[in-house]
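K.L.:
So that you have it, the file is target-v3.txt, and it contains compact mmCIF, C-alpha atoms and all ligand atoms:
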```txt
# COMPACT_ATOMS: atom_id res chain seq x y z
CA MET A 29 109.39 50.44 145.80
CA GLY A 30 109.73 46.86 144.61
CA SER A 31 109.83 48.03 141.01
CA MET A 32 113.24 49.61 141.60
CA PHE A 33 114.77 46.16 141.59
CA SER A 34 112.91 44.81 138.60
CA PRO A 35 115.38 43.57 135.97
CA LEU A 36 112.99 44.84 133.35
CA THR A 37 113.14 48.43 134.57
CA LYS A 38 115.24 50.62 132.31
CA ASN A 39 116.60 53.98 133.44
CA ILE A 40 116.59 56.36 130.51
CA GLY A 41 117.80 59.94 130.32
CA ILE A 42 116.67 62.15 127.46
CA ASP A 43 117.89 65.49 126.22
CA LEU A 44 114.78 66.65 124.40
CA GLY A 45 116.47 69.47 122.57
CA THR A 46 115.31 72.14 120.14
CA CYS A 47 117.74 70.78 117.52
CA THR A 48 118.64 67.29 118.71
CA THR A 49 117.11 64.56 120.85
CA GLN A 50 119.63 62.33 122.62
CA VAL A 51 118.83 59.17 124.52
CA PHE A 52 121.00 57.70 127.29
CA VAL A 53 120.22 54.16 128.46
CA GLU A 54 121.75 53.06 131.77
CA GLY A 55 124.39 50.42 131.17
CA ARG A 56 124.69 51.32 127.49
CA GLY A 57 125.42 55.05 127.42
CA ILE A 58 124.22 57.36 124.63
CA VAL A 59 122.34 55.10 122.22
CA MET A 60 120.71 57.70 120.01
CA SER A 61 121.24 61.21 118.75
CA GLU A 62 118.70 62.35 116.16
CA PRO A 63 117.47 65.73 114.92
CA SER A 64 114.23 66.74 116.70
CA ILE A 65 112.29 66.59 113.44
CA LEU A 66 109.26 64.62 112.26
CA ALA A 67 107.84 64.40 108.74
CA THR A 68 104.20 63.75 107.85
CA ASP A 69 102.50 62.93 104.57
CA GLU A 70 100.17 65.86 103.99
CA ARG A 71 97.68 63.69 102.10
CA ASN A 72 96.81 61.51 105.09
CA ARG A 73 98.62 63.30 107.97
CA LYS A 74 100.54 60.12 108.77
CA THR A 75 104.06 60.18 110.20
CA ILE A 76 106.47 58.99 107.55
CA ALA A 77 109.87 59.73 109.06
CA VAL A 78 111.53 60.87 112.28
CA GLY A 79 115.00 62.24 113.06
CA HIS A 80 117.73 61.81 110.43
CA ALA A 81 115.28 60.22 107.99
CA ALA A 82 112.98 63.26 108.26
CA GLU A 83 115.95 65.58 107.81
CA GLN A 84 116.83 63.82 104.57
CA LEU A 85 113.28 64.37 103.34
CA LEU A 86 113.64 68.04 104.22
CA ALA A 87 116.57 68.28 101.80
CA LYS A 88 114.44 66.79 99.01
CA SER A 89 111.36 68.80 100.11
CA PRO A 90 108.63 66.96 98.19
CA GLU A 91 105.36 68.91 98.23
CA THR A 92 103.37 66.19 99.94
CA VAL A 93 105.71 66.17 102.93
CA LYS A 94 105.39 68.49 105.90
CA ILE A 95 108.33 68.89 108.26
CA HIS A 96 107.62 69.50 111.96
CA ARG A 97 110.08 70.81 114.55
CA PRO A 98 108.05 70.24 117.70
CA LEU A 99 110.41 71.96 120.15
CA LEU A 100 111.08 75.64 120.43
CA ASN A 101 113.55 77.24 122.84
CA GLY A 102 113.94 73.98 124.75
CA VAL A 103 110.24 73.47 125.44
CA ILE A 104 107.40 71.71 123.65
CA ALA A 105 105.77 73.84 120.97
CA ASP A 106 103.70 71.01 119.43
CA TYR A 107 102.62 68.47 122.00
CA ASN A 108 101.19 65.80 119.68
CA VAL A 109 104.22 65.79 117.41
CA THR A 110 106.61 65.63 120.39
CA ARG A 111 104.72 62.68 121.84
CA THR A 112 104.81 60.81 118.52
CA MET A 113 108.49 61.62 117.97
CA LEU A 114 109.48 60.53 121.48
CA GLY A 115 107.46 57.32 121.26
CA TYR A 116 109.05 56.46 117.92
CA LEU A 117 112.62 57.21 119.05
CA LEU A 118 112.17 55.27 122.29
CA SER A 119 110.76 52.27 120.47
CA LYS A 120 114.09 52.07 118.63
CA CYS A 121 116.10 52.12 121.89
CA VAL A 122 114.24 49.76 124.23
CA ARG A 123 112.05 46.68 124.09
CA SER A 124 108.33 47.28 124.65
CA VAL A 125 108.19 44.86 127.59
CA GLN A 126 110.58 46.99 129.58
CA ARG A 127 109.31 49.22 132.34
CA LEU A 128 110.64 52.67 131.59
CA ARG A 129 111.82 55.22 134.12
CA ILE A 130 112.63 58.36 132.19
CA MET A 131 114.22 61.68 133.08
CA VAL A 132 114.20 64.72 130.81
CA GLY A 133 116.00 68.06 131.17
CA VAL A 134 113.92 71.27 131.10
CA PRO A 135 115.11 74.91 131.04
CA ALA A 136 115.02 76.85 134.33
CA ALA A 137 112.51 79.27 132.79
CA ALA A 138 110.02 76.55 131.77
CA SER A 139 106.54 77.26 133.17
CA ASN A 140 104.54 74.68 135.12
CA VAL A 141 102.35 74.17 132.05
CA GLU A 142 105.43 73.53 129.89
CA LYS A 143 106.82 71.10 132.46
CA ARG A 144 103.51 69.24 132.67
CA ALA A 145 103.50 68.91 128.87
CA VAL A 146 106.97 67.27 128.99
CA MET A 147 105.89 64.96 131.80
CA GLU A 148 102.75 63.96 129.94
CA ALA A 149 104.69 63.36 126.71
CA ILE A 150 107.07 61.06 128.61
CA PHE A 151 104.17 59.05 130.01
CA GLN A 152 102.46 58.87 126.65
CA ALA A 153 105.68 57.66 125.07
CA GLY A 154 105.56 54.68 127.43
CA ALA A 155 107.21 55.69 130.71
CA LYS A 156 105.96 54.27 133.98
CA GLU A 157 107.87 56.87 135.98
CA ALA A 158 108.75 60.32 134.70
CA TYR A 159 111.21 62.83 136.16
CA LEU A 160 112.34 66.31 135.26
CA ILE A 161 115.60 68.06 136.04
CA GLU A 162 116.82 71.53 135.12
CA THR A 163 118.93 71.31 131.97
CA ALA A 164 121.93 73.07 133.52
CA ALA A 165 121.95 70.72 136.52
CA ALA A 166 121.86 67.73 134.16
CA ALA A 167 124.70 69.29 132.16
CA ALA A 168 126.82 69.73 135.30
CA ILE A 169 126.26 66.12 136.33
CA GLY A 170 126.89 64.89 132.79
CA ALA A 171 130.11 66.89 132.59
CA GLY A 172 131.32 65.13 135.74
CA LEU A 173 131.35 68.16 138.07
CA PRO A 174 131.47 67.39 141.81
CA VAL A 175 127.89 68.58 142.36
CA TYR A 176 127.55 66.90 145.78
CA ASP A 177 130.66 68.54 147.24
CA PRO A 178 130.55 71.68 149.40
CA VAL A 179 132.03 73.78 146.58
CA GLY A 180 130.53 76.09 143.97
CA ASN A 181 130.20 74.65 140.46
CA MET A 182 129.15 76.79 137.51
CA VAL A 183 127.94 75.43 134.22
CA ILE A 184 126.83 77.23 131.06
CA ASP A 185 124.91 75.02 128.63
CA ILE A 186 124.51 76.62 125.19
CA GLY A 187 121.98 74.69 123.14
CA GLY A 188 120.29 75.49 119.86
CA GLY A 189 117.39 77.54 121.22
CA THR A 190 118.27 78.13 124.88
CA THR A 191 121.19 78.85 127.15
CA ASN A 192 120.97 77.52 130.69
CA ILE A 193 123.30 78.66 133.45
CA ALA A 194 123.46 77.32 137.00
CA ILE A 195 125.48 77.44 140.19
CA ILE A 196 125.35 74.09 141.93
CA SER A 197 126.64 73.06 145.34
CA LEU A 198 125.90 70.27 147.82
CA GLY A 199 123.60 68.49 145.38
CA GLY A 200 121.30 71.51 144.93
CA ILE A 201 120.86 74.47 142.59
CA VAL A 202 121.92 77.68 144.30
CA LEU A 203 121.03 79.87 141.35
CA SER A 204 119.91 79.26 137.79
CA ARG A 205 118.88 81.32 134.79
CA SER A 206 117.89 80.52 131.24
CA ILE A 207 117.43 82.63 128.15
CA HIS A 208 115.68 81.91 124.85
CA LEU A 209 118.87 82.30 122.91
CA GLY A 210 121.29 79.73 121.59
CA SER A 211 123.32 78.62 118.62
CA LEU A 212 120.34 78.89 116.23
CA ASP A 213 120.44 82.63 116.89
CA PHE A 214 123.98 82.70 115.49
CA ASP A 215 122.60 81.11 112.30
CA ASP A 216 119.83 83.73 112.22
CA ALA A 217 122.33 86.56 112.66
CA ILE A 218 124.43 85.20 109.75
CA LYS A 219 121.30 84.76 107.61
CA GLU A 220 120.22 88.36 108.17
CA TYR A 221 123.71 89.68 107.41
CA ILE A 222 123.94 87.73 104.14
CA ARG A 223 120.49 88.91 103.15
CA GLN A 224 121.34 92.55 103.78
CA GLN A 225 124.97 92.59 102.65
CA TYR A 226 124.81 90.30 99.60
CA ALA A 227 121.05 90.26 98.84
CA ILE A 228 121.13 86.47 98.92
CA VAL A 229 119.12 83.81 100.70
CA THR A 230 120.52 80.37 101.36
CA GLU A 231 119.64 77.06 103.03
CA ASP A 232 119.61 76.76 106.82
CA SER A 233 122.02 73.83 106.53
CA THR A 234 124.50 76.06 104.64
CA LEU A 235 124.29 78.72 107.36
CA GLU A 236 124.96 76.11 110.03
CA GLU A 237 127.92 74.72 108.12
CA MET A 238 129.31 78.23 107.70
CA LYS A 239 129.02 78.81 111.46
CA ILE A 240 130.66 75.49 112.34
CA HIS A 241 133.50 75.71 109.83
CA ASN A 242 134.22 79.45 109.68
CA GLY A 243 132.49 80.88 112.75
CA SER A 244 134.43 82.05 115.76
CA ALA A 245 133.60 83.63 119.10
CA VAL A 246 136.95 85.46 119.09
CA LEU A 247 138.62 87.43 116.30
CA PRO A 248 139.92 84.71 113.95
CA LEU A 249 143.70 84.64 113.41
CA GLU A 250 143.26 83.55 109.83
CA ASP A 251 140.56 85.28 107.77
CA ARG A 252 139.37 82.37 105.64
CA GLY A 253 136.62 82.65 103.05
CA TYR A 254 133.58 80.37 102.99
CA TYR A 255 132.09 79.95 99.51
CA PHE A 256 128.49 78.93 99.01
CA THR A 257 125.65 79.31 96.55
CA GLY A 258 122.45 81.16 97.31
CA ARG A 259 119.50 82.66 95.49
CA GLY A 260 119.55 86.36 94.64
CA ILE A 261 116.69 88.22 96.33
CA ASP A 262 116.21 90.54 93.34
CA ASP A 263 116.59 88.18 90.37
CA GLY A 264 116.02 84.73 91.92
CA LEU A 265 119.18 83.44 90.24
CA GLN A 266 121.72 81.14 91.90
CA GLN A 267 125.03 82.82 92.60
CA GLU A 268 128.22 82.01 94.45
CA VAL A 269 129.41 84.24 97.25
CA GLY A 270 132.38 84.15 99.64
CA VAL A 271 132.02 85.28 103.25
CA LYS A 272 135.06 85.82 105.47
CA SER A 273 135.52 84.41 108.97
CA SER A 274 135.91 87.96 110.32
CA GLU A 275 132.47 88.90 108.94
CA ILE A 276 130.86 85.86 110.58
CA TYR A 277 132.65 86.67 113.83
CA ARG A 278 131.29 90.22 113.80
CA VAL A 279 127.66 89.31 113.14
CA MET A 280 127.57 86.70 115.90
CA GLY A 281 128.66 89.32 118.42
CA LYS A 282 125.16 90.52 119.27
CA PRO A 283 123.67 87.19 120.46
CA LEU A 284 126.99 86.31 122.10
CA VAL A 285 126.97 89.48 124.18
CA LYS A 286 123.51 88.62 125.53
CA ILE A 287 124.73 85.20 126.69
CA LEU A 288 127.79 86.81 128.29
CA ASP A 289 125.57 89.37 130.06
CA LEU A 290 123.49 86.58 131.54
CA ALA A 291 126.60 84.76 132.76
CA GLN A 292 127.84 88.03 134.30
CA ASP A 293 124.48 88.53 136.08
CA VAL A 294 124.66 85.01 137.50
CA LEU A 295 128.22 85.54 138.74
CA ARG A 296 127.20 88.85 140.34
CA GLU A 297 124.32 87.19 142.19
CA THR A 298 126.37 84.21 143.37
CA PRO A 299 127.06 84.15 147.12
CA PRO A 300 130.66 85.32 147.73
CA GLU A 301 132.01 82.04 149.13
CA LEU A 302 130.75 80.09 146.10
CA ALA A 303 131.90 82.85 143.71
CA ALA A 304 135.40 82.44 145.18
CA ASP A 305 135.27 78.69 144.37
CA ILE A 306 134.24 79.46 140.80
CA MET A 307 136.99 82.04 140.35
CA GLU A 308 139.45 79.36 141.38
CA ARG A 309 137.94 76.22 139.79
CA GLY A 310 136.44 77.83 136.71
CA ILE A 311 133.28 77.48 134.64
CA VAL A 312 132.37 74.49 132.47
CA LEU A 313 130.75 74.98 129.07
CA THR A 314 128.41 72.33 127.64
CA GLY A 315 125.90 72.04 124.77
CA GLY A 316 126.42 71.97 121.01
CA GLY A 317 126.60 75.78 120.90
CA SER A 318 129.64 75.80 123.19
CA MET A 319 131.60 74.02 120.45
CA LEU A 320 131.81 77.23 118.44
CA HIS A 321 135.49 77.97 117.90
CA GLY A 322 136.92 80.17 120.68
CA MET A 323 133.85 80.08 122.93
CA ASP A 324 135.84 79.08 126.04
CA GLN A 325 138.43 81.76 125.29
CA LEU A 326 135.76 84.47 124.93
CA PHE A 327 134.02 83.57 128.20
CA SER A 328 137.30 83.38 130.03
CA GLN A 329 138.45 86.79 128.69
CA GLU A 330 135.15 88.55 129.37
CA LEU A 331 134.33 87.01 132.76
CA GLY A 332 137.89 86.92 134.07
CA VAL A 333 137.42 83.31 135.19
CA PRO A 334 139.04 80.10 133.89
CA VAL A 335 136.64 78.40 131.47
CA VAL A 336 136.82 74.86 130.12
CA LEU A 337 134.86 73.06 127.47
CA ALA A 338 133.44 69.76 128.76
CA ALA A 339 134.47 66.55 127.01
CA GLU A 340 131.81 65.81 124.35
CA PRO A 341 129.89 68.92 125.43
CA GLU A 342 126.89 68.15 123.20
CA LEU A 343 126.21 64.91 125.14
CA ALA A 344 126.48 66.29 128.68
CA VAL A 345 122.76 66.89 129.25
CA ALA A 346 121.66 63.44 128.07
CA ARG A 347 124.39 61.76 130.15
CA GLY A 348 123.49 63.91 133.14
CA THR A 349 119.79 63.02 132.99
CA GLY A 350 120.72 59.34 132.97
CA LYS A 351 123.18 59.67 135.85
CA ALA A 352 120.73 61.82 137.84
CA LEU A 353 118.08 59.14 137.46
CA HIS A 354 120.45 56.62 138.97
CA ASP A 355 121.22 59.01 141.86
CA ARG A 356 117.69 60.32 142.24
CA GLU A 357 117.50 59.49 145.97
CA LYS A 358 120.53 61.75 146.59
CA LEU A 359 119.26 64.48 144.26
CA GLY A 360 115.82 64.94 145.79
CA ALA A 361 115.98 68.73 145.67
CA LEU A 362 117.05 68.80 142.05
CA ILE A 363 114.37 66.68 140.45
CA GLU A 364 110.61 66.47 140.12
CA GLY A 365 109.00 63.14 139.46
CA ALA A 366 105.78 61.19 139.24
CA GLU A 367 104.62 57.65 138.70
CA ARG A 368 102.04 56.90 136.06
CA ILE A 369 98.77 55.99 137.73
CA TYR A 370 96.87 55.37 134.57
CA ARG A 371 97.78 53.69 131.34
CA ARG A 372 97.13 55.12 127.93
CA ARG A 373 98.10 53.67 124.64
CA PHE A 374 100.75 55.51 122.67
N1 LIG A 401 131.19 72.51 116.20
C1 LIG A 401 130.18 73.34 116.38
N2 LIG A 401 130.38 74.69 116.36
C2 LIG A 401 129.37 75.55 116.55
N3 LIG A 401 128.09 75.17 116.77
C3 LIG A 401 127.81 73.86 116.81
C4 LIG A 401 128.83 72.88 116.61
N4 LIG A 401 128.25 71.67 116.71
C5 LIG A 401 126.94 71.87 116.93
N5 LIG A 401 126.67 73.19 117.00
C6 LIG A 401 125.38 73.82 117.20
O1 LIG A 401 124.81 73.36 118.41
C7 LIG A 401 123.38 73.47 118.33
C8 LIG A 401 122.75 72.23 118.91
O2 LIG A 401 123.22 72.06 120.21
P1 LIG A 401 122.44 71.10 121.21
O3 LIG A 401 122.22 69.78 120.57
O4 LIG A 401 123.15 71.15 122.52
O5 LIG A 401 121.05 71.87 121.30
P2 LIG A 401 119.62 71.33 121.73
O6 LIG A 401 119.80 70.54 122.99
O7 LIG A 401 118.96 70.67 120.62
O8 LIG A 401 118.91 72.72 122.01
P3 LIG A 401 118.24 73.32 123.36
O9 LIG A 401 119.11 72.89 124.51
O10 LIG A 401 118.27 74.80 123.13
O11 LIG A 401 116.87 72.78 123.38
C9 LIG A 401 123.04 73.65 116.86
O12 LIG A 401 122.57 74.98 116.64
C10 LIG A 401 124.37 73.41 116.15
O13 LIG A 401 124.52 74.22 114.99
```
Could you take the file, read its structure, and then write that structure out as structure tokens?
P.N.:
Amino acid sequence: MGSMFSPLTKNIGIDLGTCTTQVFVEGRGIVMSEPSILATDERNRKTIAVGHAAEQLLAKSPETVKIHRPLLNGVIADYNVTRTMLGYLLSKCVRSVQRLRIMVGVPAAASNVEKRAVMEAIFQAGAKEAYLIETAAAAAIGAGLPVYDPVGNMVIDIGGGTTNIAIISLGGIVLSRSIHLGSLDFDDAIKEYIRQQYAIVTEDSTLEEMKIHNGSAVLPLEDRGYYFTGRGIDDGLQQEVGVKSSEIYRVMGKPLVKILDLAQDVLRETPPELAADIMERGIVLTGGGSMLHGMDQLFSQELGVPVVLAAEPELAVARGTGKALHDREKLGALIEGAERIYRRRF
């Protein structure tokens, strides 16, 4: 493998997320974090903006612009848009002459077809070598867990559209589960509540802000109000409403319970000697969704296990994919890879 030593080869880890795409370049760290959004001009179907720039267009919502969110529940929903978005984002991170070796995280529940689509998108975006790793394994590595040691490590990665849970030991996955449920489902639960309770509809960005600023996974000590404007369902008029933290806490309970149930199932199925390690060493939470206020406290209370939030939890998967690429010889069982044998133009 002479190419391994080529100075032009760049190891790149990507968290191709439902909400955010993050790029880790070996030697530089996280170089990009952009919303997984692409905008096209409807008149000629051309791409006009990607990431933050596309998000800004969304706010202005001109009629000639169509906004695409090519990922759903952690997997590719629109292949062509994903390929274009990835190619564009990568072109901003690396020089075209560089030989790219790329690793991307995929949920445990991704089908072979879904995995092939990710692999193909990586090649089409310019990679010479493409690798996949389960999202939760990448998160554990990115969070700095001792995944090679003969101890049980448990990680729960709560993203926008998926939650991935894994038990890792001796450089391999002992058990992993994923569910099509994440922090976007908290937004949906709040949206539905506001619609029913106040007969108001509001922007997705407002719902997200409400969740981040006033949401809580545990009963909030201080019941603060969040004031926002929305459009009345009956009269179409703008009106201001205040929603309390305790209301937001209550409506998020349903999706939260499903994530807790999955974590409980995983713990129940974990071999006893590894379960004992986890009871002692605790569980690590990663992913943007884990940053919800009180999430670690809730998991700890309900599972009866110490729980810690990783440092910069939203970056763990991207960091982990990059680190795993560097250690890919050691992590044979954890990753799938292929070298491009044909060249197509992006
Ligand atoms: N401080 C915060 N409190 C609560 N939620 C947050 C916070 N910060 C970010 N989030 C939520 O995290 C989610 C995005 O997390 P992340 O970037 O890990 O997901 P993703 O990787 O795009 O999704 P997936 O892994 O499901 O494909 C968003 O729904 C966002 O609202």
K.L.:
Which is closer to Asp263 of chain A than all the others in A:Ala227, A:Glu301, A:Gly180, A:Leu337, using all atoms listed in the file?
P.N.:
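Answer, going by the shortest atom-to-atom distance: A:Ala227.
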K.L.:
Once you count only C-alpha atoms and all ligand atoms, which residues end up within 8 Å of ligand LIG 401 (chain A), and could you hand them over as a PyMOL selection string?
P.N.:
chain A and resi 43-49+63-64+99-103+135+163+185-192+208-215+236-237+239-241+243+314-321+341-343+345
K.L.:
Using all atoms listed in the file, find each residue of segment 123-227 of chain A with at least one atom at most 7 Å away from an atom of segment 267-281 of chain A; report its shortest atom-to-atom pair and that distance in Å (one decimal), sort the rows by chain and rising residue number, and return the result as JSON lines.
P.N.:
```
{"residue": "A:Phe214", "atom": "CA", "partner": "A:Met280", "partner_atom": "CA", "distance": 5.4}
{"residue": "A:Ala217", "atom": "CA", "partner": "A:Val279", "partner_atom": "CA", "distance": 6.0}
{"residue": "A:Ile218", "atom": "CA", "partner": "A:Val279", "partner_atom": "CA", "distance": 6.2}
{"residue": "A:Tyr221", "atom": "CA", "partner": "A:Val279", "partner_atom": "CA", "distance": 7.0}
```
K.L.:
Atom CA of Gln225 of chain A and atom CA of Gly253 of chain A, how far apart in Å?
P.N.:
15.3 Å
K.L.:
For a test of reading the model, state the distance in Å between atom CA of Lys351 of chain A and atom CA of Ile184 of chain A, rounded to one decimal.
P.N.:
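Between atom CA of Lys351 of chain A and atom CA of Ile184 of chain A the gap is 18.6 Å.
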K.L.:
Figure out the distance between atom CA of Phe327 of chain A and atom CA of Ile222 of chain A, please, to one decimal in Å.
P.N.:
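Taking atom CA of Ile222 of chain A as the start and atom CA of Phe327 of chain A as the end point, the length is 26.4 Å.
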K.L.:
Show me, as a PyMOL selection string, the residues that have an atom within 9 Å of Val336 of chain A when counting all atoms listed in the file, minus same-chain residues fewer than 5 positions from it.
P.N.:
chain A and resi 310-313+324-325+328
K.L.:
I'd like to know which of A:Val175, A:Val122, A:Ala361, A:Leu66 is closest to Leu36 of chain A, using all atoms listed in the file.
P.N.:
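Of all the options, A:Val122 lies closest to Leu36 of chain A.
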K.L.:
Which of these residues is nearest to Gly332 of chain A, using only C-alpha atoms: A:Pro300, A:Leu295, A:Lys38, A:Ala344?
P.N.:
A:Leu295
K.L.:
Do you know which residues are at most 7 Å from Asp69 of chain A counting all atoms listed in the file, after dropping those on the same chain fewer than 6 positions away, and could you put them as a list of chain:residue names?
P.N.:
A:Thr75, A:Ile76, A:Thr92, A:Val93, A:Lys94
K.L.:
Would you pick out the contacts of Glu162 of chain A at 7 Å or less, using only C-alpha atoms, so that residues sharing its chain but fewer than 4 positions from it are not included, and give the list as a list in words?
P.N.:
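The contact residues come out as Gly133, Val134, Pro135, Ala136 and Ala166 of chain A.
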K.L.:
Would you pick out the contacts of Leu118 of chain A at 10 Å or less, using all atoms listed in the file, so that residues sharing its chain but fewer than 3 positions from it are not included, and give the list as a ChimeraX atom specification?
P.N.:
/A:40,42,51,60,112-115,121-124,128,150,153-155
K.L.:
Find the residue from A:Ala164, A:Glu220, A:Ala67, A:Ala137 that sits nearest to Val109 of chain A; use all atoms listed in the file when measuring.
P.N.:
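Nearest candidate to Val109 of chain A out of A:Ala164, A:Glu220, A:Ala67, A:Ala137: A:Ala67.
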K.L.:
From the list A:Lys120, A:Ile130, A:Glu83, A:Arg56, which residue is nearest Asp232 of chain A when using all atoms listed in the file?
P.N.:
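Residue with the minimum atom-to-atom distance to Asp232 of chain A: A:Glu83.
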K.L.:
Between A:Ala291, A:Met238, A:Ile201, A:Ile228, which is the closest to Gly260 of chain A once you count all atoms listed in the file?
P.N.:
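Going through A:Ala291, A:Met238, A:Ile201, A:Ile228 one by one, the smallest distance to Gly260 of chain A is for A:Ile228.
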K.L.:
Just want the 12 Å neighbourhood of Gln329 of chain A, counted on all atoms listed in the file, with same-chain residues fewer than 6 positions away dropped. Output as a list in words.
P.N.:
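The residues that qualify are Ala245, Val246, Leu288, Gly322, Met323 and Val335 of chain A.
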K.L.:
I need the residues from that last selection saved to file as a PDB file, keeping the file's coordinate frame (with C-alpha atoms), if you can.
P.N.:
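Below is the file result_39.pdb, written as the result:
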```pdb
ATOM      1  CA  ALA A 245     133.600  83.630 119.100  1.00  0.00           C
ATOM      2  CA  VAL A 246     136.950  85.460 119.090  1.00  0.00           C
ATOM      3  CA  LEU A 288     127.790  86.810 128.290  1.00  0.00           C
ATOM      4  CA  GLY A 322     136.920  80.170 120.680  1.00  0.00           C
ATOM      5  CA  MET A 323     133.850  80.080 122.930  1.00  0.00           C
ATOM      6  CA  VAL A 335     136.640  78.400 131.470  1.00  0.00           C
TER       7      VAL A 335
END
```
